Amino acid sequence: MSFNTFGQLFRVTTFGESHGPAIGCVIDGCPPGISLTEADIQADLDRRRPGTSKFVTQRREPDQVRILSGVFQDERMKAQVTTGTPIALLIENVDARSKDYNDIRDKFRPGHADYTYWAKYGVRDYRGGGRQSARETASRVAAGAIARKVLNALYKKVTVRGALVQMGTQTIERARWKWEEVAKNPFFCPDPKAVAPWMEYLEAVRKKGSSVGAIVEVVAEGIPVGLGAPIYGKLDADLAGALMSINAVKGVEIGDGMAVASLTGEENADEIRTGKGGKPKFLSNHGGGVMGGISTGQPVVARFAVKPTSSILSPRKTIDKKGAETDITTKGRHDPCVGIRAVPVGEAMMACVLADHALRHRGQVG
């Protein structure tokens, strides 16, 4: 199984399975001299960690990260810093229950990658989905924490923030958007008045043993003009590919996305005036901070849609490895809305893409 690495200069390779002894990643291309400790990474991992509320999987994983290489400190140094060599990160799995999956080891979950993995490779790790599992995304979040450090070392004040803007049929009111609310509720919801209805809605879904999808929005601010290349290295194309690579993601938008199909040229145009210090001032951001594949200096905005969790208690029609028709129900601990914990994952993937493009840009312009 190839293609476990993404990025060109800031390169991330993830490894491990849901019910293996550990998961982790290796980051290659991080510049030297950047302050980095395990605590810097742990803060982001804790936001993605399972078992934090009744609305996510009850698998109890501390997701405690260990830095195995790529950093150095001695008695003459005030802080531990990166050396420029590969950074290896390890996260042990401590609460796997493989027996929960014995009943489905020869059956394929509809909507899941079970069938395609087995058809392609002739073998699949059915325990929690193996490499297919959203557990793999913890490694991405760890890498994203380092990508944020790179961005802030290069550009000082960069923020990459995400929020859940839709869960099933429930949406937010954008006029009530408050970033500070995201950390105050279990849904990463920016609309304080939406939280209570969302709780009631998802509790009903959870009790039925069902699941729902979601839409996540990620916004990066402090990114300068110039990142990306016009043809095959477009910033928005790389963002779309990175976000689409997240487990269970089925759609990605940059800026207004699909909605631009209903706009006129006048409505879609991000008009420009002269701002402070003679710098361009855009009057709108329909393009999501990217034009012609290159960042404009505006906030970079992306959204992605996450499908409902395929592991549900409701019986579904399927077949087994021999082609016999059967029904399947999935026991174990699963997210009624996997899109909730996808918020920090989306942030991490955007941070990794931006860090990669920042290093590419530095290599081109000096």
# chains A, B, ... in the order shown; residues from 1 in each chain; ligands from 1

$ select_by_dssp --residues "range 245-353 of chain A" --states "strand (DSSP E)" --output "ChimeraX atom specification"
/A:249-254,272-274,280-282,290-291,294-295,300-306,316-319,325-328

$ write_last_selection --atoms "C-alpha atoms" --output "PDB file, in the first residue's frame"
ATOM      1  CA  VAL A 249     -14.826  13.559   3.267  1.00  0.00           C
ATOM      2  CA  LYS A 250     -16.933  13.595   0.087  1.00  0.00           C
ATOM      3  CA  GLY A 251     -16.894  17.235  -1.005  1.00  0.00           C
ATOM      4  CA  VAL A 252     -14.663  20.341  -0.794  1.00  0.00           C
ATOM      5  CA  GLU A 253     -15.292  24.018  -1.554  1.00  0.00           C
ATOM      6  CA  ILE A 254     -12.887  26.949  -1.683  1.00  0.00           C
ATOM      7  CA  ILE A 272     -10.293  46.100  -5.077  1.00  0.00           C
ATOM      8  CA  ARG A 273      -9.534  49.510  -3.633  1.00  0.00           C
ATOM      9  CA  THR A 274      -6.406  51.059  -2.093  1.00  0.00           C
ATOM     10  CA  PRO A 280      -4.796  46.539  -1.953  1.00  0.00           C
ATOM     11  CA  LYS A 281      -8.075  46.274  -0.049  1.00  0.00           C
ATOM     12  CA  PHE A 282     -10.540  43.676  -1.296  1.00  0.00           C
ATOM     13  CA  VAL A 290      -7.048  32.436  -3.723  1.00  0.00           C
ATOM     14  CA  MET A 291      -7.059  33.755  -7.300  1.00  0.00           C
ATOM     15  CA  ILE A 294      -2.167  32.068  -5.767  1.00  0.00           C
ATOM     16  CA  SER A 295      -3.041  33.509  -2.348  1.00  0.00           C
ATOM     17  CA  VAL A 300      -8.050  31.506   3.018  1.00  0.00           C
ATOM     18  CA  VAL A 301     -11.473  29.858   3.360  1.00  0.00           C
ATOM     19  CA  ALA A 302     -12.396  26.225   2.690  1.00  0.00           C
ATOM     20  CA  ARG A 303     -15.319  23.966   3.557  1.00  0.00           C
ATOM     21  CA  PHE A 304     -15.645  20.205   3.379  1.00  0.00           C
ATOM     22  CA  ALA A 305     -18.530  17.769   3.741  1.00  0.00           C
ATOM     23  CA  VAL A 306     -18.157  14.660   5.902  1.00  0.00           C
ATOM     24  CA  ARG A 316     -28.044  -2.871   6.349  1.00  0.00           C
ATOM     25  CA  LYS A 317     -27.991  -5.142   3.295  1.00  0.00           C
ATOM     26  CA  THR A 318     -24.556  -6.313   2.163  1.00  0.00           C
ATOM     27  CA  ILE A 319     -22.537  -9.321   0.992  1.00  0.00           C
ATOM     28  CA  GLU A 325     -26.097 -11.807   0.521  1.00  0.00           C
ATOM     29  CA  THR A 326     -26.463 -10.981   4.216  1.00  0.00           C
ATOM     30  CA  ASP A 327     -27.298  -8.209   6.671  1.00  0.00           C
ATOM     31  CA  ILE A 328     -24.821  -6.315   8.849  1.00  0.00           C
TER      32      ILE A 328
END

$ residues_around --residues "range 116-119 of chain A" --least-positions-apart "2" --cutoff "12 Å" --atoms "only C-alpha atoms" --output "VMD selection string"
chain A and resid 1 105 to 114 121 to 126 129 to 132 320 to 323

$ select_by_dssp --residues "range 104-345 of chain A" --states "alpha helix (DSSP H)" --output "JSON, numbers by chain"
{"A": [114, 115, 116, 117, 118, 119, 120, 121, 137, 138, 139, 140, 141, 142, 143, 144, 145, 146, 147, 148, 149, 150, 151, 152, 153, 154, 155, 195, 196, 197, 198, 199, 200, 201, 202, 203, 204, 205, 206, 207, 235, 236, 237, 238, 239, 240, 241, 242, 243, 244, 265, 266, 267, 268, 342, 343, 344, 345]}

$ closest_residue --among "A:Ile27, A:Asn247, A:Asp40, A:Ser310" --to "Gly70 in chain A" --atoms "only C-alpha atoms"
A:Ile27

$ closest_residue --among "A:Val71, A:Leu164, A:Ala204, A:Val81" --to "Pro192 in chain A" --atoms "only C-alpha atoms"
A:Leu164

$ residues_around --residues "range 343-354 of chain A" --least-positions-apart "5" --cutoff "9 Å" --atoms "only C-alpha atoms" --output "compact mmCIF listing (two decimals) with N, CA, C and O atoms, in the first residue's frame"
# COMPACT_ATOMS: atom_id res chain seq x y z
N PHE A 6 2.27 13.03 2.00
CA PHE A 6 1.78 14.19 1.25
C PHE A 6 2.70 15.37 1.51
O PHE A 6 3.42 15.43 2.51
N GLY A 7 2.66 16.33 0.57
CA GLY A 7 3.52 17.51 0.66
C GLY A 7 4.76 17.36 -0.21
O GLY A 7 5.14 16.23 -0.57
N PHE A 10 7.43 20.44 2.83
CA PHE A 10 6.97 20.02 4.16
C PHE A 10 6.22 18.71 3.94
O PHE A 10 5.07 18.69 3.54
N ARG A 11 6.92 17.60 4.18
CA ARG A 11 6.39 16.29 3.82
C ARG A 11 5.99 15.51 5.07
O ARG A 11 6.74 15.45 6.05
N VAL A 12 4.81 14.90 5.01
CA VAL A 12 4.29 14.15 6.15
C VAL A 12 3.98 12.73 5.71
O VAL A 12 3.25 12.52 4.73
N ASP A 44 -3.30 20.38 20.39
CA ASP A 44 -4.16 20.11 19.24
C ASP A 44 -4.72 18.70 19.29
O ASP A 44 -5.88 18.47 18.95
N LEU A 45 -3.91 17.74 19.72
CA LEU A 45 -4.39 16.36 19.82
C LEU A 45 -5.54 16.24 20.82
O LEU A 45 -6.48 15.46 20.61
N ARG A 47 -7.86 18.29 21.35
CA ARG A 47 -9.10 18.77 20.75
C ARG A 47 -9.74 17.71 19.85
O ARG A 47 -10.95 17.68 19.67
N ARG A 48 -8.93 16.84 19.27
CA ARG A 48 -9.43 15.77 18.40
C ARG A 48 -9.71 14.48 19.16
O ARG A 48 -10.41 13.58 18.67
N THR A 137 -6.23 9.98 11.59
CA THR A 137 -6.17 11.44 11.52
C THR A 137 -5.48 12.07 12.72
O THR A 137 -5.09 13.24 12.65
N ALA A 138 -5.30 11.32 13.80
CA ALA A 138 -4.54 11.87 14.93
C ALA A 138 -3.12 12.22 14.50
O ALA A 138 -2.55 13.22 14.94
N ARG A 140 -2.24 13.22 11.56
CA ARG A 140 -2.31 14.45 10.78
C ARG A 140 -2.39 15.68 11.69
O ARG A 140 -1.79 16.72 11.41
N VAL A 141 -3.16 15.54 12.77
CA VAL A 141 -3.29 16.66 13.71
C VAL A 141 -1.95 16.97 14.36
O VAL A 141 -1.58 18.13 14.55
N ALA A 142 -1.21 15.93 14.69
CA ALA A 142 0.13 16.13 15.26
C ALA A 142 1.03 16.85 14.27
O ALA A 142 1.77 17.79 14.65
N ALA A 143 0.99 16.44 13.02
CA ALA A 143 1.80 17.11 12.00
C ALA A 143 1.34 18.55 11.81
O ALA A 143 2.16 19.46 11.60
N GLY A 144 0.04 18.77 11.89
CA GLY A 144 -0.50 20.12 11.72
C GLY A 144 -0.01 21.07 12.79
O GLY A 144 0.17 22.27 12.53
N ALA A 145 0.18 20.56 14.01
CA ALA A 145 0.70 21.41 15.09
C ALA A 145 2.09 21.93 14.75
O ALA A 145 2.43 23.09 15.04
N ILE A 146 2.90 21.09 14.13
CA ILE A 146 4.24 21.52 13.72
C ILE A 146 4.14 22.48 12.54
O ILE A 146 4.90 23.46 12.46
N ALA A 147 3.21 22.23 11.64
CA ALA A 147 3.02 23.14 10.50
C ALA A 147 2.65 24.54 10.98
O ALA A 147 3.12 25.54 10.42
N ARG A 148 1.83 24.62 12.01
CA ARG A 148 1.49 25.94 12.58
C ARG A 148 2.75 26.65 13.09
O ARG A 148 2.89 27.86 12.93
N LEU A 151 4.59 28.07 10.12
CA LEU A 151 3.93 29.26 9.58
C LEU A 151 4.18 30.49 10.45
O LEU A 151 4.44 31.59 9.93
N VAL A 160 -5.09 29.45 12.08
CA VAL A 160 -5.85 28.48 11.28
C VAL A 160 -6.94 27.94 12.19
O VAL A 160 -6.65 27.22 13.15
N ARG A 161 -8.20 28.31 11.92
CA ARG A 161 -9.31 27.96 12.81
C ARG A 161 -10.43 27.28 12.03
O ARG A 161 -10.70 27.65 10.89
N GLY A 162 -11.07 26.32 12.68
CA GLY A 162 -12.17 25.62 12.04
C GLY A 162 -13.41 25.63 12.91
O GLY A 162 -13.34 25.87 14.12
N ALA A 163 -14.55 25.38 12.28
CA ALA A 163 -15.82 25.32 13.00
C ALA A 163 -16.77 24.40 12.25
O ALA A 163 -16.67 24.24 11.03
N LEU A 164 -17.69 23.79 12.99
CA LEU A 164 -18.75 22.99 12.39
C LEU A 164 -19.90 23.93 12.04
O LEU A 164 -20.45 24.60 12.92
N PHE A 187 -19.30 20.67 20.00
CA PHE A 187 -19.50 20.56 18.55
C PHE A 187 -18.58 21.46 17.74
O PHE A 187 -18.70 21.49 16.51
N PHE A 188 -17.71 22.24 18.37
CA PHE A 188 -16.91 23.24 17.66
C PHE A 188 -17.84 24.19 16.91
O PHE A 188 -17.55 24.63 15.80
N VAL A 216 -17.72 21.24 7.66
CA VAL A 216 -16.71 21.94 8.45
C VAL A 216 -16.15 23.08 7.61
O VAL A 216 -15.89 22.93 6.41
N GLU A 217 -15.98 24.24 8.25
CA GLU A 217 -15.35 25.39 7.58
C GLU A 217 -14.03 25.70 8.28
O GLU A 217 -13.97 25.74 9.50
N VAL A 218 -12.98 25.92 7.48
CA VAL A 218 -11.65 26.24 8.02
C VAL A 218 -11.19 27.56 7.41
O VAL A 218 -11.30 27.77 6.20
N VAL A 219 -10.67 28.44 8.25
CA VAL A 219 -10.23 29.77 7.81
C VAL A 219 -8.80 30.02 8.31
O VAL A 219 -8.52 29.87 9.49
N ALA A 220 -7.93 30.40 7.40
CA ALA A 220 -6.55 30.77 7.75
C ALA A 220 -6.36 32.26 7.53
O ALA A 220 -6.65 32.77 6.45
N ILE A 223 -1.98 34.89 6.15
CA ILE A 223 -1.23 34.32 5.02
C ILE A 223 -0.97 35.43 3.99
O ILE A 223 -1.91 36.12 3.57
N LEU A 227 1.45 32.81 -2.25
CA LEU A 227 1.64 31.37 -2.11
C LEU A 227 0.86 30.64 -3.19
O LEU A 227 -0.28 30.96 -3.48
N LEU A 235 -2.60 26.67 -5.08
CA LEU A 235 -2.83 26.56 -3.65
C LEU A 235 -4.20 25.96 -3.37
O LEU A 235 -4.34 25.07 -2.53
N ASP A 238 -4.27 22.17 -4.14
CA ASP A 238 -3.60 21.37 -3.12
C ASP A 238 -4.43 21.31 -1.84
O ASP A 238 -4.48 20.28 -1.16
N LEU A 239 -5.08 22.43 -1.50
CA LEU A 239 -5.97 22.43 -0.34
C LEU A 239 -7.13 21.45 -0.55
O LEU A 239 -7.47 20.68 0.36
N ALA A 242 -5.88 17.89 -0.18
CA ALA A 242 -5.55 17.55 1.21
C ALA A 242 -6.80 17.34 2.04
O ALA A 242 -6.89 16.39 2.83
N LEU A 243 -7.79 18.21 1.87
CA LEU A 243 -9.03 18.07 2.63
C LEU A 243 -9.83 16.85 2.17
O LEU A 243 -10.43 16.14 2.97
N ILE A 246 -8.98 13.44 3.77
CA ILE A 246 -9.42 13.09 5.13
C ILE A 246 -10.49 12.01 5.05
O ILE A 246 -11.40 12.08 4.23
N ALA A 302 -12.02 27.50 3.31
CA ALA A 302 -12.40 26.22 2.69
C ALA A 302 -13.46 25.54 3.53
O ALA A 302 -13.50 25.71 4.76
N ARG A 303 -14.32 24.79 2.87
CA ARG A 303 -15.32 23.97 3.56
C ARG A 303 -15.26 22.55 3.01
O ARG A 303 -14.95 22.35 1.83
N PHE A 304 -15.57 21.58 3.87
CA PHE A 304 -15.65 20.20 3.38
C PHE A 304 -16.80 19.46 4.04
O PHE A 304 -17.16 19.74 5.19
N LEU A 359 7.12 27.22 2.30
CA LEU A 359 8.50 26.82 2.05
C LEU A 359 8.82 26.80 0.57
O LEU A 359 9.93 27.19 0.15

$ residues_around --residues "Val338 in chain A" --least-positions-apart "4" --cutoff "10 Å" --atoms "only C-alpha atoms" --output "list in words"
Phe55, Val56, Thr57, Ala134, Met167, Ser211, Val212, Gly213, Ala214, Asn247, Ala248, Val306, Lys307, Pro308, Thr309, Ser310, His334, Ala342 and Val343 of chain A

$ write_last_selection --atoms "N, CA, C and O atoms" --output "tab-separated table (two decimals), in the first residue's frame"
chain	number	residue	atom	x	y	z
A	55	PHE	N	-21.15	12.73	22.66
A	55	PHE	CA	-21.49	12.92	21.25
A	55	PHE	C	-20.40	12.41	20.31
A	55	PHE	O	-20.52	12.57	19.09
A	56	VAL	N	-19.32	11.83	20.85
A	56	VAL	CA	-18.27	11.25	20.04
A	56	VAL	C	-18.01	9.83	20.53
A	56	VAL	O	-18.54	9.40	21.54
A	57	THR	N	-17.19	9.08	19.80
A	57	THR	CA	-16.88	7.72	20.20
A	57	THR	C	-16.35	7.68	21.63
A	57	THR	O	-15.60	8.56	22.06
A	134	ALA	N	-10.69	6.52	11.01
A	134	ALA	CA	-10.43	7.94	11.31
A	134	ALA	C	-9.38	8.09	12.39
A	134	ALA	O	-8.89	9.21	12.62
A	167	MET	N	-24.62	20.22	10.85
A	167	MET	CA	-24.61	18.85	11.34
A	167	MET	C	-25.95	18.21	10.97
A	167	MET	O	-27.00	18.62	11.47
A	211	SER	N	-26.34	7.69	12.49
A	211	SER	CA	-25.29	8.71	12.34
A	211	SER	C	-25.74	9.75	11.34
A	211	SER	O	-26.68	9.53	10.55
A	212	VAL	N	-25.08	10.91	11.35
A	212	VAL	CA	-25.35	12.00	10.40
A	212	VAL	C	-24.04	12.59	9.90
A	212	VAL	O	-23.00	12.45	10.54
A	213	GLY	N	-24.13	13.28	8.78
A	213	GLY	CA	-22.97	13.94	8.22
A	213	GLY	C	-22.81	15.35	8.76
A	213	GLY	O	-23.53	15.79	9.65
A	214	ALA	N	-21.85	16.09	8.19
A	214	ALA	CA	-21.57	17.44	8.68
A	214	ALA	C	-20.78	18.23	7.65
A	214	ALA	O	-20.22	17.66	6.70
A	247	ASN	N	-10.38	11.02	5.92
A	247	ASN	CA	-11.35	9.93	5.94
A	247	ASN	C	-12.78	10.47	6.01
A	247	ASN	O	-13.08	11.33	6.82
A	248	ALA	N	-13.67	9.95	5.16
A	248	ALA	CA	-15.11	10.24	5.15
A	248	ALA	C	-15.47	11.56	4.48
A	248	ALA	O	-16.65	11.90	4.41
A	306	VAL	N	-18.51	15.97	5.35
A	306	VAL	CA	-18.16	14.66	5.90
A	306	VAL	C	-19.40	13.78	5.89
A	306	VAL	O	-20.46	14.18	6.37
A	307	LYS	N	-19.28	12.58	5.35
A	307	LYS	CA	-20.43	11.70	5.26
A	307	LYS	C	-20.78	11.12	6.64
A	307	LYS	O	-19.97	11.16	7.57
A	308	PRO	N	-21.98	10.55	6.80
A	308	PRO	CA	-22.33	9.90	8.07
A	308	PRO	C	-21.43	8.69	8.33
A	308	PRO	O	-20.99	8.02	7.39
A	309	THR	N	-21.14	8.43	9.59
A	309	THR	CA	-20.36	7.26	9.97
A	309	THR	C	-21.01	6.00	9.42
A	309	THR	O	-22.22	5.79	9.58
A	310	SER	N	-20.23	5.14	8.77
A	310	SER	CA	-20.77	3.92	8.17
A	310	SER	C	-21.06	2.84	9.20
A	310	SER	O	-21.87	1.94	8.94
A	334	HIS	N	-18.60	4.19	18.25
A	334	HIS	CA	-18.48	4.97	17.02
A	334	HIS	C	-19.07	6.36	17.20
A	334	HIS	O	-19.94	6.58	18.03
A	342	ALA	N	-13.65	16.05	13.05
A	342	ALA	CA	-12.95	16.41	11.82
A	342	ALA	C	-12.52	17.87	11.80
A	342	ALA	O	-11.71	18.26	10.95
A	343	VAL	N	-13.04	18.68	12.72
A	343	VAL	CA	-12.69	20.11	12.73
A	343	VAL	C	-11.19	20.31	12.94
A	343	VAL	O	-10.53	20.96	12.10

$ closest_residue --among "A:Asp74, A:Val165, A:Lys156, A:Val94" --to "Pro62 in chain A" --atoms "only C-alpha atoms"
A:Val94

$ residues_around --residues "Glu266 in chain A" --least-positions-apart "5" --cutoff "12 Å" --atoms "only C-alpha atoms" --output "list in words"
Val260, Glu271, Ser284 and His286 of chain A

$ write_last_selection --atoms "N, CA, C and O atoms" --output "compact mmCIF listing (two decimals), in the first residue's frame"
# COMPACT_ATOMS: atom_id res chain seq x y z
N VAL A 260 -20.92 29.75 -6.57
CA VAL A 260 -20.57 30.71 -7.61
C VAL A 260 -21.32 30.43 -8.91
O VAL A 260 -21.45 31.32 -9.75
N GLU A 271 -13.92 42.97 -5.82
CA GLU A 271 -13.43 44.28 -6.21
C GLU A 271 -12.32 44.76 -5.28
O GLU A 271 -12.24 44.34 -4.11
N SER A 284 -14.61 42.08 -1.02
CA SER A 284 -15.29 40.81 -0.75
C SER A 284 -14.27 39.69 -0.88
O SER A 284 -13.11 39.92 -1.24
N HIS A 286 -15.14 36.23 -2.32
CA HIS A 286 -15.81 35.08 -2.94
C HIS A 286 -14.82 33.99 -3.33
O HIS A 286 -15.16 32.81 -3.33

$ residues_around --residues "Ala39 in chain A" --least-positions-apart "3" --cutoff "10 Å" --atoms "only C-alpha atoms" --output "list in words"
Leu36, Gln42, Ala43, Asp44, Leu45, Gln64, Val65 and Arg66 of chain A
